[in-house]
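Engineer: Input file: run.tsv. Contents: TSV, C-alpha atoms.
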```tsv
chain	number	residue	atom	x	y	z
A	82	MET	CA	-20.37	-10.56	41.07
A	83	GLU	CA	-19.96	-7.20	39.46
A	84	THR	CA	-20.30	-7.16	35.69
A	85	ASN	CA	-19.41	-4.51	33.22
A	86	HIS	CA	-22.32	-2.09	32.67
A	87	PHE	CA	-21.25	-1.45	29.10
A	88	GLU	CA	-21.67	-5.01	27.97
A	89	SER	CA	-21.03	-5.44	24.29
A	90	PRO	CA	-24.19	-6.82	22.60
A	91	SER	CA	-24.30	-10.57	22.37
A	92	ARG	CA	-24.92	-12.35	19.09
A	93	ARG	CA	-28.47	-13.03	20.27
A	94	ASP	CA	-29.09	-9.32	20.91
A	95	PHE	CA	-27.69	-8.44	17.55
A	96	ILE	CA	-29.92	-10.91	15.69
A	97	ASP	CA	-32.92	-9.85	17.75
A	98	PHE	CA	-32.40	-6.17	16.97
A	99	GLY	CA	-31.58	-6.85	13.33
A	100	THR	CA	-34.73	-8.89	12.81
A	101	LYS	CA	-36.89	-6.15	14.30
A	102	LEU	CA	-35.26	-3.58	12.07
A	103	LEU	CA	-35.76	-5.80	9.04
A	104	VAL	CA	-39.46	-6.32	9.84
A	105	LEU	CA	-39.92	-2.55	10.13
A	106	ALA	CA	-38.05	-1.87	6.88
A	107	SER	CA	-39.93	-4.51	4.93
A	108	VAL	CA	-43.29	-3.20	6.15
A	109	GLY	CA	-42.16	0.26	5.13
A	110	ALA	CA	-40.93	-0.94	1.76
A	111	THR	CA	-44.19	-2.75	1.03
A	112	PHE	CA	-46.20	0.28	2.09
A	113	GLU	CA	-44.06	2.49	-0.14
A	114	GLN	CA	-44.63	0.14	-3.11
A	115	ILE	CA	-48.39	0.32	-2.61
A	116	THR	CA	-48.82	4.03	-1.98
A	117	GLY	CA	-45.63	5.63	-3.30
A	118	ALA	CA	-46.34	5.31	-7.01
A	119	GLU	CA	-49.16	7.85	-7.17
A	120	PRO	CA	-49.48	9.22	-10.71
A	121	ALA	CA	-48.99	12.94	-11.10
A	122	PRO	CA	-52.11	14.83	-12.17
A	123	ASP	CA	-51.90	15.40	-15.91
A	124	THR	CA	-54.15	16.72	-18.64
A	125	TYR	CA	-52.73	14.24	-21.17
A	126	LYS	CA	-54.40	10.84	-20.81
A	127	VAL	CA	-52.35	7.98	-22.26
A	128	ALA	CA	-55.39	5.72	-22.43
A	129	GLU	CA	-57.20	8.06	-24.83
A	130	HIS	CA	-54.68	7.93	-27.69
A	131	TRP	CA	-53.28	5.42	-30.15
A	132	TRP	CA	-50.73	7.17	-32.31
A	133	GLY	CA	-49.60	6.40	-35.81
A	134	MET	CA	-48.80	8.12	-39.07
A	135	LEU	CA	-50.21	8.31	-42.54
A	136	ILE	CA	-47.81	8.72	-45.46
A	137	ASP	CA	-49.16	9.60	-48.87
A	138	ILE	CA	-46.44	8.59	-51.32
A	139	GLY	CA	-48.26	10.36	-54.14
A	140	LYS	CA	-47.70	13.67	-52.36
A	141	CYS	CA	-44.04	13.30	-51.37
A	142	ILE	CA	-41.70	15.56	-53.36
A	143	GLY	CA	-38.46	14.35	-51.74
A	144	CYS	CA	-37.51	17.78	-50.41
A	145	GLY	CA	-36.17	16.36	-47.14
A	146	SER	CA	-37.91	18.96	-44.95
A	147	CYS	CA	-38.97	16.15	-42.62
A	148	VAL	CA	-35.40	14.88	-42.31
A	149	ARG	CA	-34.03	18.32	-41.44
A	150	ALA	CA	-36.91	19.03	-39.06
A	151	CYS	CA	-36.38	15.73	-37.28
A	152	ALA	CA	-32.64	16.30	-36.95
A	153	ASN	CA	-33.21	19.79	-35.51
A	154	GLU	CA	-35.99	18.80	-33.19
A	155	ASN	CA	-34.37	15.69	-31.79
A	156	LYS	CA	-30.66	16.61	-32.02
A	157	VAL	CA	-30.01	13.60	-34.23
A	158	PRO	CA	-26.23	13.19	-34.69
A	159	ASP	CA	-24.76	13.70	-38.19
A	160	GLY	CA	-24.95	10.64	-40.37
A	161	TYR	CA	-27.75	9.03	-38.32
A	162	PHE	CA	-31.43	9.29	-39.10
A	163	ARG	CA	-34.67	8.83	-37.22
A	164	THR	CA	-36.46	9.48	-40.47
A	165	TRP	CA	-35.16	9.53	-44.03
A	166	VAL	CA	-36.50	9.59	-47.57
A	167	GLU	CA	-35.69	6.93	-50.18
A	168	ARG	CA	-36.03	7.36	-53.93
A	169	TYR	CA	-37.02	4.29	-55.90
A	170	GLN	CA	-36.14	4.13	-59.60
A	171	ILE	CA	-37.68	1.09	-61.23
A	172	GLU	CA	-37.01	-0.28	-64.69
A	173	GLU	CA	-38.76	-3.38	-65.91
A	174	ASP	CA	-36.93	-6.69	-65.32
A	175	LYS	CA	-34.26	-4.96	-63.28
A	176	GLN	CA	-33.53	-4.66	-59.59
A	177	PRO	CA	-35.07	-1.42	-58.32
A	178	LYS	CA	-32.48	1.28	-57.72
A	179	VAL	CA	-32.85	2.88	-54.31
A	180	ASP	CA	-30.93	5.93	-53.14
A	181	SER	CA	-31.09	8.30	-50.22
A	182	PRO	CA	-28.18	10.77	-50.34
A	183	ASN	CA	-27.42	11.69	-46.71
A	184	GLY	CA	-30.94	10.52	-45.83
A	185	ALA	CA	-32.29	13.20	-48.22
A	186	MET	CA	-31.20	15.83	-45.70
A	187	ASP	CA	-30.73	18.20	-48.65
A	188	GLY	CA	-33.29	16.63	-50.93
A	189	PHE	CA	-32.11	14.77	-54.04
A	190	PRO	CA	-29.53	16.88	-55.87
A	191	LEU	CA	-29.27	14.51	-58.84
A	192	PRO	CA	-32.62	14.30	-60.66
A	193	THR	CA	-34.15	11.08	-61.92
A	194	PRO	CA	-33.81	10.24	-65.65
A	195	ALA	CA	-37.18	11.24	-67.04
A	196	ASP	CA	-38.40	7.97	-68.54
A	197	ILE	CA	-38.20	5.79	-65.43
A	198	LYS	CA	-40.92	4.88	-62.97
A	199	SER	CA	-39.81	6.59	-59.78
A	200	PHE	CA	-41.18	7.89	-56.51
A	201	PHE	CA	-40.11	8.87	-52.99
A	202	VAL	CA	-40.75	6.85	-49.85
A	203	PRO	CA	-40.34	8.57	-46.47
A	204	LYS	CA	-39.35	6.11	-43.79
A	205	LEU	CA	-39.41	6.21	-40.02
A	206	CYS	CA	-40.11	3.91	-37.09
A	207	ASN	CA	-43.36	2.12	-37.87
A	208	HIS	CA	-44.39	2.11	-34.22
A	209	CYS	CA	-45.46	-1.50	-34.51
A	210	ALA	CA	-48.15	-2.64	-32.13
A	211	ASP	CA	-46.37	-6.01	-31.96
A	212	SER	CA	-42.80	-4.90	-32.35
A	213	PRO	CA	-39.86	-7.31	-32.46
A	214	CYS	CA	-37.48	-4.69	-31.04
A	215	VAL	CA	-39.45	-4.54	-27.79
A	216	GLN	CA	-39.57	-8.32	-27.52
A	217	VAL	CA	-35.81	-8.77	-27.65
A	218	CYS	CA	-34.82	-6.07	-25.13
A	219	PRO	CA	-33.34	-7.93	-22.18
A	220	VAL	CA	-33.83	-5.15	-19.63
A	221	GLY	CA	-37.18	-3.57	-20.46
A	222	ALA	CA	-35.53	-0.42	-21.80
A	223	THR	CA	-37.66	-0.25	-24.92
A	224	PHE	CA	-41.38	-0.63	-24.89
A	225	VAL	CA	-44.67	0.24	-26.54
A	226	SER	CA	-46.24	3.03	-24.51
A	227	PRO	CA	-49.92	2.77	-23.56
A	228	ASP	CA	-50.67	5.26	-26.35
A	229	GLY	CA	-48.89	3.15	-28.95
A	230	VAL	CA	-45.47	4.78	-29.34
A	231	VAL	CA	-42.31	2.67	-29.29
A	232	LEU	CA	-39.89	4.44	-26.95
A	233	VAL	CA	-36.46	3.91	-25.42
A	234	ASP	CA	-35.71	4.45	-21.74
A	235	GLU	CA	-32.26	6.02	-22.04
A	236	SER	CA	-31.43	5.56	-18.39
A	237	TYR	CA	-32.10	1.82	-18.66
A	238	CYS	CA	-30.69	1.00	-22.09
A	239	LEU	CA	-27.47	-1.02	-21.92
A	240	GLY	CA	-26.54	-0.42	-25.55
A	241	CYS	CA	-26.52	-4.12	-26.38
A	242	ARG	CA	-27.97	-3.45	-29.86
A	243	TYR	CA	-30.32	-6.46	-29.87
A	244	CYS	CA	-33.19	-4.17	-30.85
A	245	VAL	CA	-31.14	-2.60	-33.66
A	246	GLN	CA	-30.83	-6.03	-35.22
A	247	ALA	CA	-34.40	-7.02	-34.47
A	248	CYS	CA	-36.04	-4.06	-36.22
A	249	PRO	CA	-37.08	-5.24	-39.71
A	250	TYR	CA	-37.22	-1.64	-40.91
A	251	GLY	CA	-33.73	-0.48	-39.87
A	252	CYS	CA	-35.12	2.35	-37.79
A	253	ARG	CA	-32.78	2.16	-34.80
A	254	TYR	CA	-29.18	3.17	-34.21
A	255	LEU	CA	-26.75	3.38	-31.34
A	256	HIS	CA	-26.25	7.02	-30.40
A	257	PRO	CA	-22.50	7.60	-30.78
A	258	GLU	CA	-22.20	9.82	-27.69
A	259	LYS	CA	-24.80	8.48	-25.31
A	260	ASN	CA	-24.08	4.84	-26.23
A	261	THR	CA	-27.77	4.07	-25.86
A	262	VAL	CA	-30.18	3.19	-28.61
A	263	ASP	CA	-31.95	6.08	-30.26
A	264	LYS	CA	-34.94	6.10	-32.57
A	265	CYS	CA	-38.02	8.01	-33.65
A	266	THR	CA	-40.18	8.86	-30.64
A	267	LEU	CA	-42.98	10.11	-32.90
A	268	CYS	CA	-42.04	13.41	-31.21
A	269	TYR	CA	-43.60	12.13	-28.01
A	270	HIS	CA	-42.57	15.37	-26.27
A	271	ARG	CA	-44.62	17.30	-28.84
A	272	ILE	CA	-47.68	15.13	-29.40
A	273	THR	CA	-48.35	14.88	-25.67
A	274	LYS	CA	-48.46	18.70	-25.62
A	275	GLY	CA	-51.02	18.89	-28.42
A	276	LEU	CA	-48.49	19.70	-31.17
A	277	THR	CA	-47.87	17.56	-34.21
A	278	THR	CA	-44.52	15.89	-34.92
A	279	ALA	CA	-41.66	17.99	-36.31
A	280	CYS	CA	-41.72	16.08	-39.62
A	281	CYS	CA	-45.48	16.47	-40.09
A	282	GLU	CA	-45.32	20.12	-39.06
A	283	ASN	CA	-42.74	20.85	-41.74
A	284	CYS	CA	-43.94	18.66	-44.60
A	285	PRO	CA	-44.87	21.24	-47.27
A	286	THR	CA	-47.25	18.97	-49.19
A	287	GLY	CA	-49.01	17.20	-46.34
A	288	ALA	CA	-47.53	13.87	-47.38
A	289	ARG	CA	-47.06	12.98	-43.72
A	290	GLN	CA	-49.84	13.22	-41.20
A	291	LEU	CA	-49.84	12.37	-37.55
A	292	VAL	CA	-52.76	10.10	-36.77
A	293	ASP	CA	-54.57	9.32	-33.54
A	294	PHE	CA	-56.54	6.15	-34.22
A	295	LYS	CA	-58.42	6.46	-30.93
A	296	ASN	CA	-59.67	9.98	-31.62
A	297	PRO	CA	-63.05	9.66	-33.34
A	298	LYS	CA	-62.64	13.16	-34.81
A	299	ASP	CA	-59.33	12.35	-36.52
A	300	PRO	CA	-59.64	12.68	-40.33
A	301	ILE	CA	-57.89	9.29	-40.66
A	302	HIS	CA	-61.20	7.45	-40.23
A	303	GLU	CA	-62.71	9.19	-43.25
A	304	PHE	CA	-59.45	8.68	-45.15
A	305	LEU	CA	-59.35	4.95	-44.48
A	306	LYS	CA	-62.93	4.66	-45.64
A	307	LEU	CA	-62.12	6.25	-49.00
A	308	ASN	CA	-58.57	5.04	-49.65
A	309	LYS	CA	-56.53	1.88	-49.81
A	310	VAL	CA	-53.48	1.81	-47.59
A	311	GLN	CA	-50.67	-0.64	-46.99
A	312	VAL	CA	-47.92	-1.11	-44.40
A	313	LEU	CA	-44.27	-1.97	-44.94
A	314	LYS	CA	-43.41	-5.69	-44.79
A	315	PRO	CA	-46.85	-6.90	-43.75
A	316	TYR	CA	-45.56	-10.48	-43.78
A	317	MET	CA	-43.50	-9.68	-40.67
A	318	ALA	CA	-46.80	-9.45	-38.74
A	319	THR	CA	-45.50	-6.55	-36.68
A	320	GLU	CA	-48.72	-4.55	-37.09
A	321	PRO	CA	-47.12	-1.24	-38.06
A	322	LYS	CA	-49.09	1.90	-37.30
A	323	VAL	CA	-47.43	3.86	-40.09
A	324	LYS	CA	-49.77	3.45	-43.06
A	325	TYR	CA	-48.74	4.16	-46.64
A	326	LYS	CA	-51.03	5.22	-49.44
A	327	ASP	CA	-49.90	4.30	-52.98
A	328	LEU	CA	-47.19	1.93	-51.75
A	329	ASP	CA	-45.49	0.07	-54.59
A	330	VAL	CA	-44.69	-3.64	-54.37
A	331	ALA	CA	-41.00	-2.87	-54.93
A	332	VAL	CA	-40.72	-1.01	-51.63
A	333	ARG	CA	-39.02	-2.95	-48.86
B	9	MET	CA	-48.20	-31.79	30.83
B	10	ARG	CA	-48.98	-32.32	27.19
B	11	LEU	CA	-49.27	-28.58	26.51
B	12	LYS	CA	-45.87	-28.10	28.07
B	13	ARG	CA	-44.39	-30.63	25.69
B	14	ILE	CA	-45.98	-28.95	22.68
B	15	MET	CA	-44.66	-25.60	23.80
B	16	ARG	CA	-41.19	-27.04	24.19
B	17	ASP	CA	-41.16	-28.67	20.77
B	18	SER	CA	-42.79	-25.74	18.99
B	19	GLY	CA	-39.49	-23.95	19.11
B	20	HIS	CA	-38.42	-26.13	16.21
B	21	LEU	CA	-41.20	-24.60	14.12
B	22	ILE	CA	-41.07	-21.05	15.38
B	23	ARG	CA	-37.37	-20.56	14.78
B	24	PRO	CA	-37.37	-21.61	11.10
B	25	ALA	CA	-40.55	-19.58	10.68
B	26	LEU	CA	-38.75	-16.53	12.03
B	27	VAL	CA	-35.82	-17.18	9.71
B	28	LEU	CA	-38.24	-17.49	6.78
B	29	LEU	CA	-39.91	-14.24	7.74
B	30	ALA	CA	-36.55	-12.53	7.99
B	31	VAL	CA	-35.60	-13.78	4.51
B	32	LEU	CA	-38.93	-12.57	3.16
B	33	GLY	CA	-38.34	-9.22	4.79
B	34	LEU	CA	-34.87	-9.01	3.30
B	35	PHE	CA	-36.34	-9.82	-0.12
B	36	LEU	CA	-38.90	-7.03	0.20
B	37	VAL	CA	-36.26	-4.50	1.26
B	38	VAL	CA	-33.91	-5.42	-1.58
B	39	ARG	CA	-36.80	-5.42	-4.05
B	40	ALA	CA	-37.91	-1.95	-2.98
B	41	ALA	CA	-34.36	-0.68	-3.31
B	42	VAL	CA	-33.61	-2.27	-6.68
B	43	VAL	CA	-36.88	-2.26	-8.67
B	44	PRO	CA	-37.76	1.21	-9.99
B	45	LYS	CA	-40.92	2.83	-8.73
B	46	GLY	CA	-44.04	1.68	-10.52
B	47	PHE	CA	-42.19	-0.86	-12.71
B	48	GLY	CA	-44.79	-2.99	-14.46
B	49	LYS	CA	-47.59	-0.42	-14.14
B	50	TYR	CA	-48.09	-0.38	-17.92
B	51	GLY	CA	-45.77	-3.22	-18.92
B	52	HIS	CA	-42.24	-4.49	-18.47
B	53	TYR	CA	-40.70	-1.02	-18.21
B	54	ARG	CA	-40.35	2.06	-16.01
B	55	PRO	CA	-43.44	4.31	-16.29
B	56	ALA	CA	-41.17	7.25	-15.40
B	57	ALA	CA	-39.48	6.73	-18.79
B	58	LEU	CA	-42.59	8.23	-20.42
B	59	ASP	CA	-42.06	11.45	-18.48
B	60	LEU	CA	-38.35	11.34	-19.29
B	61	VAL	CA	-39.11	11.31	-23.02
B	62	ARG	CA	-41.84	13.91	-22.63
B	63	SER	CA	-39.55	16.30	-20.80
B	64	ARG	CA	-37.37	16.95	-23.86
B	65	PRO	CA	-37.50	20.53	-25.13
B	66	ILE	CA	-39.20	21.45	-28.40
B	67	SER	CA	-37.42	23.25	-31.27
B	68	TYR	CA	-40.31	23.93	-33.63
B	69	ALA	CA	-42.91	26.26	-32.16
B	70	GLY	CA	-45.58	25.26	-34.66
B	71	GLN	CA	-47.63	27.11	-37.21
B	72	ASP	CA	-50.27	28.38	-34.78
B	73	THR	CA	-47.63	30.05	-32.63
B	74	CYS	CA	-46.01	31.94	-35.55
B	75	VAL	CA	-49.36	33.25	-36.71
B	76	LEU	CA	-50.07	34.75	-33.28
B	77	CYS	CA	-47.62	37.59	-33.97
B	78	HIS	CA	-46.94	37.47	-37.73
B	79	GLU	CA	-50.52	37.92	-38.84
B	80	ASP	CA	-49.64	40.05	-41.89
B	81	GLN	CA	-47.32	37.43	-43.43
B	82	ALA	CA	-49.78	34.69	-42.50
B	83	LYS	CA	-52.52	36.44	-44.51
B	84	VAL	CA	-50.34	36.81	-47.59
B	85	ARG	CA	-49.30	33.17	-47.35
B	86	ALA	CA	-52.84	31.89	-46.76
B	87	ALA	CA	-53.98	33.56	-50.00
B	88	GLY	CA	-51.41	31.78	-52.18
B	89	ARG	CA	-50.13	28.38	-53.22
B	90	HIS	CA	-47.86	28.14	-50.17
B	91	ALA	CA	-50.84	28.23	-47.80
B	92	HIS	CA	-50.06	24.74	-46.49
B	93	VAL	CA	-46.32	25.22	-46.11
B	94	ALA	CA	-45.51	25.81	-42.44
B	95	CYS	CA	-43.46	28.92	-41.62
B	96	GLU	CA	-40.70	26.91	-39.97
B	97	SER	CA	-40.39	24.65	-42.98
B	98	CYS	CA	-38.42	27.45	-44.66
B	99	HIS	CA	-37.46	29.66	-41.70
B	100	GLY	CA	-36.15	26.85	-39.50
B	101	PRO	CA	-36.89	25.98	-35.87
B	102	GLN	CA	-38.14	29.04	-33.97
B	103	ALA	CA	-39.29	27.79	-30.57
B	104	ALA	CA	-36.42	29.69	-28.91
B	105	HIS	CA	-37.51	32.84	-30.77
B	106	ALA	CA	-41.14	32.33	-29.77
B	107	GLN	CA	-40.36	31.57	-26.13
B	108	ALA	CA	-37.88	34.41	-25.64
B	109	ASP	CA	-38.92	37.32	-23.40
B	110	ASP	CA	-37.92	39.61	-26.22
B	111	PRO	CA	-38.41	37.66	-29.47
B	112	SER	CA	-36.73	40.39	-31.54
B	113	SER	CA	-33.47	39.61	-29.72
B	114	LEU	CA	-33.46	36.17	-31.39
B	115	LYS	CA	-34.24	37.15	-34.97
B	116	PRO	CA	-34.49	34.20	-37.36
B	117	LYS	CA	-31.98	34.25	-40.20
B	118	LEU	CA	-33.44	34.69	-43.67
B	119	PRO	CA	-33.37	31.42	-45.60
B	120	ASP	CA	-30.79	30.87	-48.35
B	121	VAL	CA	-33.05	31.22	-51.38
B	122	ALA	CA	-30.57	29.70	-53.85
B	123	GLY	CA	-30.80	26.27	-52.18
B	124	LEU	CA	-34.18	26.51	-50.49
B	125	CYS	CA	-36.59	26.71	-53.44
B	126	ARG	CA	-34.69	24.10	-55.47
B	127	ARG	CA	-35.17	21.39	-52.88
B	128	CYS	CA	-38.88	21.38	-53.58
B	129	HIS	CA	-39.14	22.74	-57.11
B	130	GLU	CA	-36.18	21.30	-59.03
B	131	GLN	CA	-37.48	19.06	-61.83
B	132	ASP	CA	-37.39	15.37	-60.90
B	133	ALA	CA	-39.37	12.55	-62.52
B	134	ALA	CA	-39.92	11.03	-59.08
B	135	LYS	CA	-41.99	14.03	-58.01
B	136	PRO	CA	-45.77	13.92	-58.42
B	137	LYS	CA	-46.70	15.03	-61.94
B	138	GLY	CA	-48.96	17.89	-60.84
B	139	PHE	CA	-46.35	19.45	-58.59
B	140	PRO	CA	-44.86	22.71	-59.99
B	141	GLN	CA	-41.23	21.98	-60.90
B	142	VAL	CA	-38.63	23.55	-63.18
B	143	HIS	CA	-35.07	23.03	-64.39
B	144	THR	CA	-33.79	25.96	-62.36
B	145	ALA	CA	-30.70	26.43	-64.56
B	146	GLU	CA	-32.84	26.79	-67.71
B	147	HIS	CA	-35.74	28.50	-65.97
B	148	SER	CA	-33.91	31.43	-64.38
B	149	GLY	CA	-30.33	31.18	-65.63
B	150	GLY	CA	-28.89	31.57	-62.13
B	151	MET	CA	-31.14	34.43	-61.07
B	152	LEU	CA	-32.50	34.08	-57.54
B	153	CYS	CA	-36.10	32.84	-57.39
B	154	ASN	CA	-37.28	35.70	-55.21
B	155	SER	CA	-36.21	38.30	-57.76
B	156	CYS	CA	-39.45	37.38	-59.59
B	157	HIS	CA	-41.49	35.25	-57.16
B	158	GLN	CA	-42.66	36.44	-53.77
B	159	PRO	CA	-41.98	33.43	-51.53
B	160	HIS	CA	-45.01	33.90	-49.26
B	161	ASN	CA	-47.31	34.01	-52.27
B	162	PRO	CA	-45.19	32.80	-55.20
B	163	HIS	CA	-47.69	33.18	-58.03
B	164	LEU	CA	-46.54	35.81	-60.51
```
Write the structure described by the file as structure tokens, please.
Structural biologist:
Amino acid sequence: METNHFESPSRRDFIDFGTKLLVLASVGATFEQITGAEPAPDTYKVAEHWWGMLIDIGKCIGCGSCVRACANENKVPDGYFRTWVERYQIEEDKQPKVDSPNGAMDGFPLPTPADIKSFFVPKLCNHCADSPCVQVCPVGATFVSPDGVVLVDESYCLGCRYCVQACPYGCRYLHPEKNTVDKCTLCYHRITKGLTTACCENCPTGARQLVDFKNPKDPIHEFLKLNKVQVLKPYMATEPKVKYKDLDVAVR
Amino acid sequence: MRLKRIMRDSGHLIRPALVLLAVLGLFLVVRAAVVPKGFGKYGHYRPAALDLVRSRPISYAGQDTCVLCHEDQAKVRAAGRHAHVACESCHGPQAAHAQADDPSSLKPKLPDVAGLCRRCHEQDAAKPKGFPQVHTAEHSGGMLCNSCHQPHNPHL
């Protein structure tokens, strides 16, 4: 009996062919996973750095150069801050008065009354080694890099703001245009090129210094030997890598 | 005889095994398509995100770059009290100027002296005691700072 030469494939044929195709694709996919992720050759070695910052409160003059530099360097939107400077004015038996007019973008136009204990405290992401913001991110969009910088993957961030709430230091915000979380990157694009951060570059008194704890030649080692430093909110056990010299107990 | 029976019955094992393999294959294909490359290499994140952050452009060229061309000003500054103040701290971000084929086409604007000096040197009790500071209104009576002080080496 003559049959049609152009037989339509039976269900069996279809499954047979499909399975073969699937086996091929899965082998390919596995192979791609193993070999495809070759790292690009790079002079910067993430394993050789552990970044942080040293802030000498006794040197800060509250000029706001760091705030302006950060805003310029990182295109920080108006009214949001990756770094800012606070002024503490403390009178005995009173709540400390803290102000930061526009993040100290233009310094502090109104001077402190002369007879009050007062000082400036520059603030930024503390780049905690054990950071709560990273722990709460549901999608792995924020993370501590192998060289110790807390970063945000903009293409992965959902904008759920969990991390904004989790940060004990108030260092994160939702970028009003991108709708992803934005924060201090410790100028990761600069420090991986051998430059210092924009804020440290422009601090006129050297109150801020970029620190590489893994670099044995970094002056921080000598500094830590000779000076006493503190971190913000040590009781949060977040292991901040931003160290403060001359930090007052009133600072939160 | 016995072998024949085993072969006949083995179909019951082989078929589910094939189905299992197919499901596993499907899982691998979907995984490769959905999970970003290298995810988990350093931790629970995309390693490519590091390059994404690194690829951002710089705005501040840095002290060492300015000094390459502006050696004369650098010498004056290095001799005075402003030796540790970076050029761009007053002159603003100049990476575009430094990277331009013709840097003179992107001349930096001169800083606004009336506001600039005050930010650092206006008297404030919160400033460190040894830091030079004045009540600008009393000190100069509205005169611009650079009519007496040379900003690169401000000592009179």
Engineer: Taking only C-alpha atoms into account, which residues of chain B are within 7 Å of chain A, as a PyMOL selection string?
Structural biologist: chain B and resi 30+33-34+36-37+40+45-46+50+52-53+57+61-64+66-68+70+92-94+96-97+127-128+131-136
Engineer: So the first atom is CA of Leu58 (chain B) and the second is CA of Tyr125 (chain A); what is the distance between them in Å, to one decimal place?
Structural biologist: 11.8 Å
Engineer: Take CA of Arg163 (chain A) and CA of Ile301 (chain A) and report the distance between them in Å, one decimal.
Structural biologist: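 A separation of 23.5 Å between them.
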Engineer: From the set A:Thr319, A:Asn183, A:Thr124, A:Gln290, which residue has the shortest atom-to-atom contact distance to Asn207 (chain A), counting only C-alpha atoms?
Structural biologist: A:Thr319
Engineer: Between B:Asn154, B:Gln107, B:Ser148, B:Asn161, which one has atoms that come closest to Leu124 (chain B), using only C-alpha atoms?
Structural biologist: B:Asn154
Engineer: Can you measure CA of Leu21 (chain B) to CA of Ser89 (chain A) for me? One decimal in Å is fine.
Structural biologist: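 Between CA of Leu21 (chain B) and CA of Ser89 (chain A) the gap works out to 29.6 Å.
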Engineer: Taking only C-alpha atoms into account, name the residue in A:Phe304, A:Cys206, A:Val310, A:Ile136 that is nearest to Cys265 (chain A).
Structural biologist: A:Cys206
Engineer: Quick one: residues within 8 Å of region 73-88 of chain B, all atoms listed in the file counted, chain neighbours fewer than 4 positions away excluded, as a ChimeraX atom specification?
Structural biologist: /B:69,92,95,106,160-163
Engineer: Might you pull out every residue within 8 Å of Trp132 (chain A), with all atoms listed in the file counted and same-chain residues fewer than 6 positions away left off, and present them as a VMD selection string?
Structural biologist: chain A and resid 228 to 230 291 to 295 322
Engineer: List every protein, DNA or RNA residue that has at least one atom no more than 10 Å from (-27.4, 9.1, -30.9) in the file's coordinates, counting only C-alpha atoms, and write the result as a list in words.
Structural biologist: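 Here is the list of nearby residues: Asn155, Lys156, Val157, Pro158, Asp159, Gly160, Tyr161, Phe162, Arg163, Arg253, Tyr254, Leu255, His256, Pro257, Glu258, Lys259, Asn260, Thr261, Val262, Asp263 and Lys264 of chain A.
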Engineer: Measuring between all atoms listed in the file, which one of B:His90, B:His143, B:Leu114, B:Gly138 shows the shortest distance to His157 (chain B)?
Structural biologist: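 With all atoms listed in the file as the atom set, the closest residue is B:His90.
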Engineer: Give me, as a PDB file with C-alpha atoms, keeping the file's coordinate frame, all polymer residues having an atom no more than 7 Å from Gln311 (chain A), counting only C-alpha atoms and skipping those fewer than 4 positions away in the same chain.
Structural biologist:
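Writing done, so here's out-v2.pdb:
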```
ATOM      1  CA  LYS A 324     -49.770   3.450 -43.060  1.00  0.00           C
ATOM      2  CA  TYR A 325     -48.740   4.160 -46.640  1.00  0.00           C
ATOM      3  CA  LYS A 326     -51.030   5.220 -49.440  1.00  0.00           C
ATOM      4  CA  LEU A 328     -47.190   1.930 -51.750  1.00  0.00           C
TER       5      LEU A 328
END
```
Engineer: Return as lines of an AutoDock Vina configuration file the centre and edge lengths, in Å with one decimal, of the box along x, y and z that encloses every atom of region 26-39 of chain B in the file, padded by 8 Å per side.
Structural biologist:
```
center_x = -36.9
center_y = -11.0
center_z = 4.0
size_x = 22.0
size_y = 29.0
size_z = 32.1
```
Engineer: For region 127-135 of chain A, supply N, CA and C atoms and report the output as a PDB file, in the coordinates of the input.
Structural biologist:
```pdb
ATOM      1  N   VAL A 127     -52.950   8.963 -21.347  1.00  0.00           N
ATOM      2  CA  VAL A 127     -52.350   7.980 -22.260  1.00  0.00           C
ATOM      3  C   VAL A 127     -53.385   7.006 -22.802  1.00  0.00           C
ATOM      4  N   ALA A 128     -54.413   6.734 -22.027  1.00  0.00           N
ATOM      5  CA  ALA A 128     -55.390   5.720 -22.430  1.00  0.00           C
ATOM      6  C   ALA A 128     -56.295   6.204 -23.570  1.00  0.00           C
ATOM      7  N   GLU A 129     -56.266   7.511 -23.836  1.00  0.00           N
ATOM      8  CA  GLU A 129     -57.200   8.060 -24.830  1.00  0.00           C
ATOM      9  C   GLU A 129     -56.581   8.241 -26.213  1.00  0.00           C
ATOM     10  N   HIS A 130     -55.350   7.735 -26.401  1.00  0.00           N
ATOM     11  CA  HIS A 130     -54.680   7.930 -27.690  1.00  0.00           C
ATOM     12  C   HIS A 130     -54.092   6.623 -28.200  1.00  0.00           C
ATOM     13  N   TRP A 131     -53.955   6.546 -29.510  1.00  0.00           N
ATOM     14  CA  TRP A 131     -53.280   5.420 -30.150  1.00  0.00           C
ATOM     15  C   TRP A 131     -52.657   5.985 -31.418  1.00  0.00           C
ATOM     16  N   TRP A 132     -51.363   6.355 -31.288  1.00  0.00           N
ATOM     17  CA  TRP A 132     -50.730   7.170 -32.310  1.00  0.00           C
ATOM     18  C   TRP A 132     -50.187   6.352 -33.475  1.00  0.00           C
ATOM     19  N   GLY A 133     -50.168   6.992 -34.611  1.00  0.00           N
ATOM     20  CA  GLY A 133     -49.600   6.400 -35.810  1.00  0.00           C
ATOM     21  C   GLY A 133     -49.328   7.495 -36.813  1.00  0.00           C
ATOM     22  N   MET A 134     -49.036   7.120 -38.043  1.00  0.00           N
ATOM     23  CA  MET A 134     -48.800   8.120 -39.070  1.00  0.00           C
ATOM     24  C   MET A 134     -49.327   7.642 -40.412  1.00  0.00           C
ATOM     25  N   LEU A 135     -49.755   8.610 -41.196  1.00  0.00           N
ATOM     26  CA  LEU A 135     -50.210   8.310 -42.540  1.00  0.00           C
ATOM     27  C   LEU A 135     -49.250   8.966 -43.516  1.00  0.00           C
TER      28      LEU A 135
END
```
